[in-house]
Amino acid sequence: MSYFSTRGNECVTASQAILAGMAKDGGLYVPAMFPLVSMDDLEKMISMSYEERAFRVLSAYLEDYPVQEIRDSISAAYGNGHFQDPRIAPLKRLDDSTHVLELFHGPTLAFKDMALQLLPQLMTRSARMNGENREIAILVATSGDTGKAALEGFRNVPGTSCTVFYPLDGVSEVQQLQMTTTDGNNTHVIAVKGNFDDAQTGVKALFASREFAQDMDAMGRVLSSANSINFGRLLPQIVYYFSAYADLLAAGAISCGESINFVVPTGNFGDILAGYYARNMGLPINKLICASNRNDVLTEFFATGIYSVHRMFYKTTSPSMDILVSSNLERLLYESADRDGELVKVWMRQLRECGSYSVGDQRREWMESVFAAGCSDDGDTAVEIRDVFTQYEYLMDPHTAVASKVLRDYRMKTGDDKVTVIVSTASPYKFAPDVAAALQGKNAVKHLDAFACAQILNSVSGRPIPPQVEKLKELPVRHTAVCEKDVDSMGKAVRNAFAE
Ligand SMILES: *Cc1c(COP(=O)(O)O)cnc(C)c1O
């Protein structure tokens with residue numbers, strides 16, 4: 001299968017798309033078509049392991065990879081005990097119509113592991129298949145979770161390095177420690193004096209800079225991306241939508257063919273886009289509900305058809321969703337424009353030059369037939385964490401709770417009572433102070449650090465504290481670099497890191 005750029009006619013193979021990360025014209029790679037999965041295939045998935053389900057989905061997209069290489073990649077990612085739950089993405093029942101898909105059992109306790117444990121496997125094989133002998137230098141901008149997940153995925157992987165930019169003062173204590181304590185012979189972590197959008201804009205500019213690419217080439221390096229603009233990040237995420245459906249079938253919670261909803265806590269629009277791709281492949285999805293925090297640019301977009309970044313940026317208790325420019329929306333725009341790359345190019349230019357674009361009523365209505373959207377501020381999210389715990393004795397992290405609250409509002413507004421899966425993207429222990437404050441009040445945790453708050457959560461819920469969190473207390477901080485948010489400073493920081 002070929003892959004096209006969202007901004008033009010560039011056409012490459014799967015392995016080339018994954019190796020490059022982003023198209024030369026600045027667009028994102030999308031598959032030429034969506035391979036269909038039949039009801040029969042879905043029923044067969046019931047008895048499959050997560051790895052087998054992954055193979056079924058991945059092999060349909062990775063046509064130029066030898067079958068054995070796909071199998072080996074999958075077992076290196078999901079079969080090596082890196083995930084604490086052997087089911088990889090377990091589904092937990094809250095009530096008959098509400099289930100939680102837990103995607104946080106990987107090494108960094110957030111759903112990014114689902115893709116970033118697999119991406120290095122796919123990428124190093126792509127390099128070999130395409131005769132790429134230079135070191136693959138991964139550059140990542142992170143709102144908190146991608147950074148650590150990429151560092152874990154690429155740490156000590158021969159032929160690669162991983163350099164992460166995170167917003168200084170924009171991530172949680174645990175997130176920051178997770179990154180700055182990373183070991184490995186090929187990892188670099190740099191704090192940017194700005195917010196996530198600054199970091200992401202800078203990294204995109206480095207990718208677009210010919211001079212920077214030449215510098216890297218002179219050092220024997222070639223740049224690639226582990227952000228969700230890389231199709232290799234999206235692909236592994238399609239799998240768990242199928243897996244959740246198969247688990248609902250296995251539990252007798254739905255009948256085959258019955259359509260369900262997913263509510264997805266959304267930042268860069270990668271996770272929910274994977275759900276949309278699953279739907280295009282034939283998975284019976286009624287609505288994909290896009291949940292945002294106070295940075296509700298997507299809620300506004302689905303309501304008005306206008307995407308505008310002329311708005312305040314807020315720091316919230318769900319930092320991985322503190323984003324104003326959702327990169328992956330470009331892939332949905334491309335479908336909404338009937339795959340007209342020229343039109344996407346116009347919108348993206350308007351976004352760059354004027355900070356906004358409008359898709360018009362017809363396309364907005366088309367999107368509305370698949371997507372619903374809503375938002376929840378920090379106050380409502382904290383109440384949701386407490387209410388869900390009181391009602392179900394289930395502990396949610398703030399990102400998941402945003403989704404849960406948006407689902408509550410959606411059901412009130414629409415009366416839609418279809419079975420719905422809440423996509424849970426992080427462990428509550430990754431954001432222990434905010435979760436503990438939601439349960440016991442801000443005053444109760446005022447002077448406590450993340451570790452003391454984790455103790456509270458443990459005694460209240462009985463959920464064991466993940467060893468990754470316990471361990472952070474003892475690990476030495478290895479990365480202390482800080483840089484300004486302009487692209488020159490960021491480029492210099494990368495060169496310094498490589499010169500170390
Ligand atoms: C990255 C992340 C999100 C947002 O996912 P997108 O693919 O960027 O929409 C939500 N929750 C958590 C915990 C995350 O790490």
# chains A, B, ... in the order shown; residues from 1 in each chain; ligands from 1

$ residues_around --residues "Asp85 (chain A)" --least-positions-apart "6" --cutoff "12 Å" --atoms "only C-alpha atoms" --output "PyMOL selection string"
chain A and resi 50+78-79+91+102-107+109+466

$ residues_near_ligand --ligand "ligand 1" --cutoff "8 Å" --atoms "only C-alpha atoms and all ligand atoms" --output "ChimeraX atom specification"
/A:110-112,143-146,228,264-273,318-321,326,399-400,424-427

$ select_by_dssp --residues "region 319-371 of chain A" --states "helix (DSSP H, G or I)" --output "ChimeraX atom specification"
/A:319-321,329-336,341-354,361-368

$ closest_residue --among "A:Val419, A:Val174, A:Met1, A:Ala251" --to "Val30 (chain A)" --atoms "only C-alpha atoms"
A:Met1

$ atom_distance --atom1 "CA of Leu324 (chain A)" --atom2 "CA of Val309 (chain A)"
6.1 Å

$ residues_around --residues "region 153-168 of chain A" --least-positions-apart "6" --cutoff "7 Å" --atoms "only C-alpha atoms" --output "ChimeraX atom specification"
/A:116-117,120,135-144,147,184-196,199

$ select_by_dssp --residues "region 97-221 of chain A" --states "strand (DSSP E)" --output "list of chain:residue names"
A:Thr98, A:His99, A:Val100, A:Leu101, A:Glu102, A:Glu135, A:Ile136, A:Ala137, A:Ile138, A:Leu139, A:Val140, A:Ala141, A:Thr160, A:Ser161, A:Cys162, A:Thr163, A:Val164, A:Phe165, A:Tyr166, A:Pro167, A:Thr187, A:His188, A:Val189, A:Ile190, A:Ala191, A:Val192, A:Arg221

$ write_last_selection --atoms "N, CA, C and O atoms" --output "mmCIF file, in the first residue's frame"
data_model
loop_
_atom_site.group_PDB
_atom_site.id
_atom_site.type_symbol
_atom_site.label_atom_id
_atom_site.label_comp_id
_atom_site.auth_asym_id
_atom_site.auth_seq_id
_atom_site.Cartn_x
_atom_site.Cartn_y
_atom_site.Cartn_z
ATOM 1 N N THR A 98 -20.815 1.338 30.282
ATOM 2 C CA THR A 98 -19.606 2.162 30.405
ATOM 3 C C THR A 98 -18.395 1.294 30.770
ATOM 4 O O THR A 98 -18.407 0.603 31.797
ATOM 5 N N HIS A 99 -17.401 1.331 29.927
ATOM 6 C CA HIS A 99 -16.193 0.532 30.140
ATOM 7 C C HIS A 99 -14.970 1.432 29.991
ATOM 8 O O HIS A 99 -15.006 2.419 29.259
ATOM 9 N N VAL A 100 -13.888 1.048 30.669
ATOM 10 C CA VAL A 100 -12.659 1.845 30.601
ATOM 11 C C VAL A 100 -11.569 1.007 29.944
ATOM 12 O O VAL A 100 -11.286 -0.109 30.373
ATOM 13 N N LEU A 101 -10.976 1.558 28.890
ATOM 14 C CA LEU A 101 -9.873 0.886 28.214
ATOM 15 C C LEU A 101 -8.571 1.430 28.797
ATOM 16 O O LEU A 101 -8.196 2.580 28.555
ATOM 17 N N GLU A 102 -7.884 0.612 29.571
ATOM 18 C CA GLU A 102 -6.680 1.077 30.274
ATOM 19 C C GLU A 102 -5.444 0.913 29.388
ATOM 20 O O GLU A 102 -4.987 -0.198 29.139
ATOM 21 N N GLU A 135 22.856 7.392 11.507
ATOM 22 C CA GLU A 135 22.120 7.254 12.771
ATOM 23 C C GLU A 135 20.784 7.974 12.647
ATOM 24 O O GLU A 135 20.731 9.106 12.166
ATOM 25 N N ILE A 136 19.715 7.332 13.068
ATOM 26 C CA ILE A 136 18.408 7.985 13.058
ATOM 27 C C ILE A 136 18.280 8.825 14.313
ATOM 28 O O ILE A 136 18.216 8.298 15.425
ATOM 29 N N ALA A 137 18.297 10.142 14.118
ATOM 30 C CA ALA A 137 18.235 11.063 15.252
ATOM 31 C C ALA A 137 16.781 11.487 15.443
ATOM 32 O O ALA A 137 16.246 12.277 14.675
ATOM 33 N N ILE A 138 16.178 10.932 16.473
ATOM 34 C CA ILE A 138 14.775 11.251 16.762
ATOM 35 C C ILE A 138 14.706 12.571 17.521
ATOM 36 O O ILE A 138 15.400 12.749 18.527
ATOM 37 N N LEU A 139 13.900 13.493 17.027
ATOM 38 C CA LEU A 139 13.629 14.740 17.755
ATOM 39 C C LEU A 139 12.177 14.723 18.188
ATOM 40 O O LEU A 139 11.286 14.459 17.371
ATOM 41 N N VAL A 140 11.941 15.025 19.449
ATOM 42 C CA VAL A 140 10.581 14.973 19.981
ATOM 43 C C VAL A 140 10.261 16.254 20.732
ATOM 44 O O VAL A 140 11.083 16.741 21.508
ATOM 45 N N ALA A 141 9.053 16.779 20.495
ATOM 46 C CA ALA A 141 8.514 17.820 21.364
ATOM 47 C C ALA A 141 7.450 17.140 22.213
ATOM 48 O O ALA A 141 6.631 16.395 21.687
ATOM 49 N N THR A 160 20.255 4.537 16.645
ATOM 50 C CA THR A 160 19.301 5.631 16.882
ATOM 51 C C THR A 160 19.776 6.509 18.039
ATOM 52 O O THR A 160 20.610 6.097 18.846
ATOM 53 N N SER A 161 19.240 7.728 18.095
ATOM 54 C CA SER A 161 19.352 8.539 19.305
ATOM 55 C C SER A 161 18.013 9.233 19.501
ATOM 56 O O SER A 161 17.200 9.300 18.576
ATOM 57 N N CYS A 162 17.783 9.716 20.705
ATOM 58 C CA CYS A 162 16.487 10.331 21.000
ATOM 59 C C CYS A 162 16.701 11.617 21.791
ATOM 60 O O CYS A 162 17.290 11.603 22.871
ATOM 61 N N THR A 163 16.264 12.746 21.223
ATOM 62 C CA THR A 163 16.412 14.047 21.868
ATOM 63 C C THR A 163 15.025 14.635 22.115
ATOM 64 O O THR A 163 14.225 14.763 21.184
ATOM 65 N N VAL A 164 14.765 14.978 23.358
ATOM 66 C CA VAL A 164 13.423 15.408 23.753
ATOM 67 C C VAL A 164 13.429 16.860 24.240
ATOM 68 O O VAL A 164 14.279 17.239 25.048
ATOM 69 N N PHE A 165 12.496 17.654 23.731
ATOM 70 C CA PHE A 165 12.256 19.005 24.235
ATOM 71 C C PHE A 165 10.943 19.018 25.023
ATOM 72 O O PHE A 165 9.911 18.615 24.499
ATOM 73 N N TYR A 166 11.001 19.491 26.274
ATOM 74 C CA TYR A 166 9.756 19.621 27.039
ATOM 75 C C TYR A 166 9.627 21.043 27.559
ATOM 76 O O TYR A 166 10.626 21.723 27.769
ATOM 77 N N PRO A 167 8.376 21.523 27.753
ATOM 78 C CA PRO A 167 8.187 22.889 28.260
ATOM 79 C C PRO A 167 8.569 22.976 29.736
ATOM 80 O O PRO A 167 8.009 22.258 30.562
ATOM 81 N N THR A 187 20.437 9.137 24.783
ATOM 82 C CA THR A 187 19.278 9.952 25.147
ATOM 83 C C THR A 187 19.678 11.365 25.559
ATOM 84 O O THR A 187 20.706 11.552 26.218
ATOM 85 N N HIS A 188 18.883 12.359 25.142
ATOM 86 C CA HIS A 188 19.131 13.759 25.488
ATOM 87 C C HIS A 188 17.786 14.411 25.850
ATOM 88 O O HIS A 188 16.795 14.194 25.164
ATOM 89 N N VAL A 189 17.791 15.199 26.917
ATOM 90 C CA VAL A 189 16.550 15.840 27.366
ATOM 91 C C VAL A 189 16.819 17.322 27.598
ATOM 92 O O VAL A 189 17.757 17.675 28.314
ATOM 93 N N ILE A 190 16.023 18.188 26.968
ATOM 94 C CA ILE A 190 16.261 19.635 27.025
ATOM 95 C C ILE A 190 14.956 20.356 27.389
ATOM 96 O O ILE A 190 13.919 20.132 26.746
ATOM 97 N N ALA A 191 15.012 21.212 28.402
ATOM 98 C CA ALA A 191 13.838 22.012 28.778
ATOM 99 C C ALA A 191 13.797 23.275 27.926
ATOM 100 O O ALA A 191 14.821 23.914 27.714
ATOM 101 N N VAL A 192 12.620 23.625 27.418
ATOM 102 C CA VAL A 192 12.448 24.836 26.618
ATOM 103 C C VAL A 192 11.731 25.884 27.459
ATOM 104 O O VAL A 192 10.740 25.564 28.127
ATOM 105 N N ARG A 221 24.138 11.764 10.670
ATOM 106 C CA ARG A 221 22.815 11.578 11.278
ATOM 107 C C ARG A 221 21.710 11.992 10.315
ATOM 108 O O ARG A 221 21.905 12.885 9.484
#

$ closest_residue --among "A:Asp247, A:Asp488, A:Glu132, A:Asp377" --to "Ala20 (chain A)" --atoms "only C-alpha atoms"
A:Glu132

$ residues_around --residues "Cys453 (chain A)" --least-positions-apart "3" --cutoff "12 Å" --atoms "only C-alpha atoms" --output "number ranges by chain"
A: 173-174, 428-442, 444-450, 456-460, 465, 469-470

$ closest_residue --among "A:Ile238, A:Met490, A:Ala115, A:Met48" --to "Arg87 (chain A)" --atoms "only C-alpha atoms"
A:Met48

$ closest_residue --among "A:Tyr241, A:Tyr410, A:Tyr314, A:Phe371" --to "Asn293 (chain A)" --atoms "only C-alpha atoms"
A:Tyr314

$ closest_residue --among "A:Ile74, A:Ala274, A:Leu62, A:Ala226" --to "Gln16 (chain A)" --atoms "only C-alpha atoms"
A:Leu62

$ closest_residue --among "A:Ser308, A:Ser356, A:Asn280, A:Asn328" --to "Ser38 (chain A)" --atoms "only C-alpha atoms"
A:Asn280

$ atom_distance --atom1 "CA of Ser126 (chain A)" --atom2 "CA of Ile18 (chain A)"
7.2 Å

$ atom_distance --atom1 "CA of Leu28 (chain A)" --atom2 "CA of Val263 (chain A)"
24.3 Å
